[in-house]
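Source file my_file06.pdb; content: PDB, C-alpha atoms, pLDDT in the B column.
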```pdb
ATOM      1  CA  MET A   1     -15.006  17.967  12.956  1.00 66.00           C
ATOM      2  CA  MET A   2     -14.958  14.988  10.615  1.00 74.00           C
ATOM      3  CA  ILE A   3     -12.475  14.846   7.759  1.00 84.00           C
ATOM      4  CA  GLU A   4     -14.409  14.338   4.515  1.00 91.00           C
ATOM      5  CA  GLU A   5     -11.485  13.338   2.276  1.00 95.00           C
ATOM      6  CA  LYS A   6      -8.000  12.042   2.929  1.00 96.00           C
ATOM      7  CA  THR A   7      -4.912  11.343   0.855  1.00 97.00           C
ATOM      8  CA  ILE A   8      -2.897   8.511   2.339  1.00 97.00           C
ATOM      9  CA  VAL A   9       0.726   8.234   1.276  1.00 98.00           C
ATOM     10  CA  LEU A  10       1.547   4.544   1.185  1.00 98.00           C
ATOM     11  CA  ARG A  11       4.495   3.482   3.325  1.00 97.00           C
ATOM     12  CA  LYS A  12       5.135   0.761   0.778  1.00 97.00           C
ATOM     13  CA  PRO A  13       4.024   1.814  -2.718  1.00 97.00           C
ATOM     14  CA  VAL A  14       2.596  -0.986  -4.837  1.00 97.00           C
ATOM     15  CA  MET A  15       3.493  -1.843  -8.427  1.00 95.00           C
ATOM     16  CA  LEU A  16       0.954  -2.997 -10.952  1.00 92.00           C
ATOM     17  CA  GLY A  17       2.615  -3.646 -14.275  1.00 92.00           C
ATOM     18  CA  ASP A  18       4.765  -0.596 -14.899  1.00 95.00           C
ATOM     19  CA  VAL A  19       2.601   1.707 -12.743  1.00 94.00           C
ATOM     20  CA  THR A  20       3.563   2.578  -9.177  1.00 96.00           C
ATOM     21  CA  HIS A  21       0.751   3.538  -6.810  1.00 96.00           C
ATOM     22  CA  ALA A  22       2.231   5.665  -4.011  1.00 97.00           C
ATOM     23  CA  GLU A  23      -0.900   7.269  -2.552  1.00 97.00           C
ATOM     24  CA  VAL A  24      -4.599   6.663  -2.124  1.00 97.00           C
ATOM     25  CA  ASN A  25      -7.315   9.322  -2.232  1.00 98.00           C
ATOM     26  CA  LEU A  26     -10.296   8.367  -0.084  1.00 98.00           C
ATOM     27  CA  ARG A  27     -13.628   9.998   0.754  1.00 97.00           C
ATOM     28  CA  GLU A  28     -16.867   8.997   2.405  1.00 95.00           C
ATOM     29  CA  PRO A  29     -18.357   5.975   0.611  1.00 95.00           C
ATOM     30  CA  THR A  30     -21.793   6.185  -0.959  1.00 95.00           C
ATOM     31  CA  ALA A  31     -24.589   3.762  -0.078  1.00 94.00           C
ATOM     32  CA  GLY A  32     -24.200   2.184  -3.517  1.00 95.00           C
ATOM     33  CA  GLU A  33     -20.481   1.646  -3.034  1.00 95.00           C
ATOM     34  CA  MET A  34     -21.113   0.077   0.357  1.00 92.00           C
ATOM     35  CA  SER A  35     -23.766  -2.217  -1.121  1.00 92.00           C
ATOM     36  CA  LYS A  36     -21.489  -3.289  -3.969  1.00 93.00           C
ATOM     37  CA  ALA A  37     -18.590  -3.877  -1.556  1.00 92.00           C
ATOM     38  CA  THR A  38     -20.801  -6.017   0.669  1.00 90.00           C
ATOM     39  CA  ARG A  39     -21.851  -8.151  -2.310  1.00 89.00           C
ATOM     40  CA  HIS A  40     -18.225  -8.553  -3.429  1.00 79.00           C
ATOM     41  CA  GLY A  41     -17.013  -9.179   0.099  1.00 71.00           C
ATOM     42  CA  GLY A  42     -19.276 -12.133   0.720  1.00 75.00           C
ATOM     43  CA  GLY A  43     -19.479 -11.366   4.427  1.00 71.00           C
ATOM     44  CA  ASN A  44     -15.710 -11.078   4.889  1.00 83.00           C
ATOM     45  CA  ASN A  45     -14.937  -7.657   6.393  1.00 90.00           C
ATOM     46  CA  ILE A  46     -11.459  -7.463   4.866  1.00 93.00           C
ATOM     47  CA  ASP A  47     -12.800  -8.156   1.377  1.00 94.00           C
ATOM     48  CA  VAL A  48     -15.508  -5.503   1.901  1.00 93.00           C
ATOM     49  CA  VAL A  49     -12.864  -2.897   2.785  1.00 95.00           C
ATOM     50  CA  ILE A  50     -10.655  -3.952  -0.146  1.00 96.00           C
ATOM     51  CA  SER A  51     -13.622  -3.466  -2.469  1.00 95.00           C
ATOM     52  CA  LEU A  52     -14.445  -0.054  -0.956  1.00 96.00           C
ATOM     53  CA  ILE A  53     -10.858   1.174  -1.290  1.00 97.00           C
ATOM     54  CA  SER A  54     -10.745  -0.082  -4.875  1.00 97.00           C
ATOM     55  CA  GLN A  55     -13.988   1.677  -5.810  1.00 97.00           C
ATOM     56  CA  ILE A  56     -13.304   4.975  -4.053  1.00 98.00           C
ATOM     57  CA  ALA A  57      -9.606   5.295  -4.935  1.00 97.00           C
ATOM     58  CA  LYS A  58     -10.230   3.971  -8.456  1.00 96.00           C
ATOM     59  CA  LEU A  59      -7.507   1.355  -8.052  1.00 96.00           C
ATOM     60  CA  PRO A  60      -7.705  -2.248  -9.237  1.00 95.00           C
ATOM     61  CA  MET A  61      -8.432  -4.681  -6.414  1.00 94.00           C
ATOM     62  CA  SER A  62      -5.172  -6.436  -7.289  1.00 95.00           C
ATOM     63  CA  ALA A  63      -3.310  -3.242  -6.296  1.00 96.00           C
ATOM     64  CA  VAL A  64      -5.218  -2.903  -3.012  1.00 97.00           C
ATOM     65  CA  ASN A  65      -4.467  -6.565  -2.259  1.00 96.00           C
ATOM     66  CA  GLN A  66      -0.760  -5.629  -2.246  1.00 97.00           C
ATOM     67  CA  PHE A  67      -1.125  -2.923   0.455  1.00 98.00           C
ATOM     68  CA  SER A  68       0.970  -3.478   3.560  1.00 98.00           C
ATOM     69  CA  GLN A  69      -0.962  -4.168   6.751  1.00 98.00           C
ATOM     70  CA  ARG A  70      -0.257  -0.664   8.105  1.00 98.00           C
ATOM     71  CA  ASP A  71      -1.357   1.042   4.876  1.00 98.00           C
ATOM     72  CA  PHE A  72      -4.476  -1.121   4.717  1.00 98.00           C
ATOM     73  CA  ALA A  73      -5.262  -0.396   8.377  1.00 97.00           C
ATOM     74  CA  GLU A  74      -4.940   3.365   7.853  1.00 97.00           C
ATOM     75  CA  CYS A  75      -7.343   3.223   4.894  1.00 97.00           C
ATOM     76  CA  SER A  76      -9.716   0.959   6.793  1.00 96.00           C
ATOM     77  CA  ASP A  77      -9.698   3.207   9.874  1.00 95.00           C
ATOM     78  CA  PHE A  78     -10.511   6.265   7.761  1.00 95.00           C
ATOM     79  CA  LEU A  79     -13.444   4.542   6.047  1.00 94.00           C
ATOM     80  CA  ALA A  80     -14.684   3.166   9.376  1.00 93.00           C
ATOM     81  CA  SER A  81     -14.785   6.697  10.798  1.00 91.00           C
ATOM     82  CA  PHE A  82     -17.946   7.323   8.767  1.00 89.00           C
ATOM     83  CA  THR A  83     -19.841   4.465  10.386  1.00 83.00           C
ATOM     84  CA  THR A  84     -18.479   4.618  13.927  1.00 69.00           C
ATOM     85  CA  ALA A  85     -21.184   5.009  16.565  1.00 48.00           C
ATOM     86  CA  GLY A  86     -21.565   8.548  17.812  1.00 43.00           C
ATOM     87  CA  GLN A  87     -20.779  10.369  14.588  1.00 50.00           C
ATOM     88  CA  GLU A  88     -23.009  13.236  13.485  1.00 55.00           C
ATOM     89  CA  THR A  89     -25.929  12.058  11.334  1.00 53.00           C
ATOM     90  CA  GLY A  90     -27.380  15.232   9.879  1.00 55.00           C
ATOM     91  CA  GLU A  91     -30.544  14.775  11.902  1.00 56.00           C
ATOM     92  CA  MET A  92     -31.802  17.803  13.737  1.00 50.00           C
TER      93      MET A  92
END
```
Written form, structure tokens:
Amino acid sequence: MMIEEKTIVLRKPVMLGDVTHAEVNLREPTAGEMSKATRHGGGNNIDVVISLISQIAKLPMSAVNQFSQRDFAECSDFLASFTTAGQETGEM
């Protein structure tokens, strides 16, 4: 069974101004979010994922840019689970 939403507690919380971001709430991206992320990413997969995390978690991209590699990888892996070959498609 596929997990539809996930809260990821950041190993290394990020500060933006006087706000600390300690967790990220993610869900399956919409087609529109994926399209927007692709436009913003300019063909760079990392920038596409940064844009998706920013849109879905409602965090500024500057906060996502501060994620540690392990936190970024966990977010990226969760989002990739929706597009990985072999997942259920809803087709009958």
Requested in this report: List, as a VMD selection string, every residue that the PyMOL selection byres ((chain A and resi 66) around 10) selects in the file provided.
Outcome: chain A and resid 12 to 16 61 to 65 67 to 69 71 to 72
Query raised in the report: When you draw a straight line from atom CA of Ala22 of chain A to atom CA of Leu79 of chain A, how long is it in Å?
Result: 18.7 Å
Return as JSON the box centre and box size in Å, one decimal, for an axis-aligned box around all listed atoms of segment 3-14 of chain A padded by 6 Å per side.
```
{"center_x": -4.6, "center_y": 6.9, "center_z": 1.5, "size_x": 31.5, "size_y": 27.8, "size_z": 24.6}
```
Requested in this report: Mind checking which residues fall within 8 Å of segment 33-39 of chain A, counting only C-alpha atoms, ignoring those fewer than 4 positions away in the same chain, and posting them as a ChimeraX atom specification?
Outcome: /A:29,43,47-49,51-52,55-56
Report summary line: Atom pair atom CA of Arg27 of chain A + atom CA of Ala73 of chain A, distance 15.4 Å
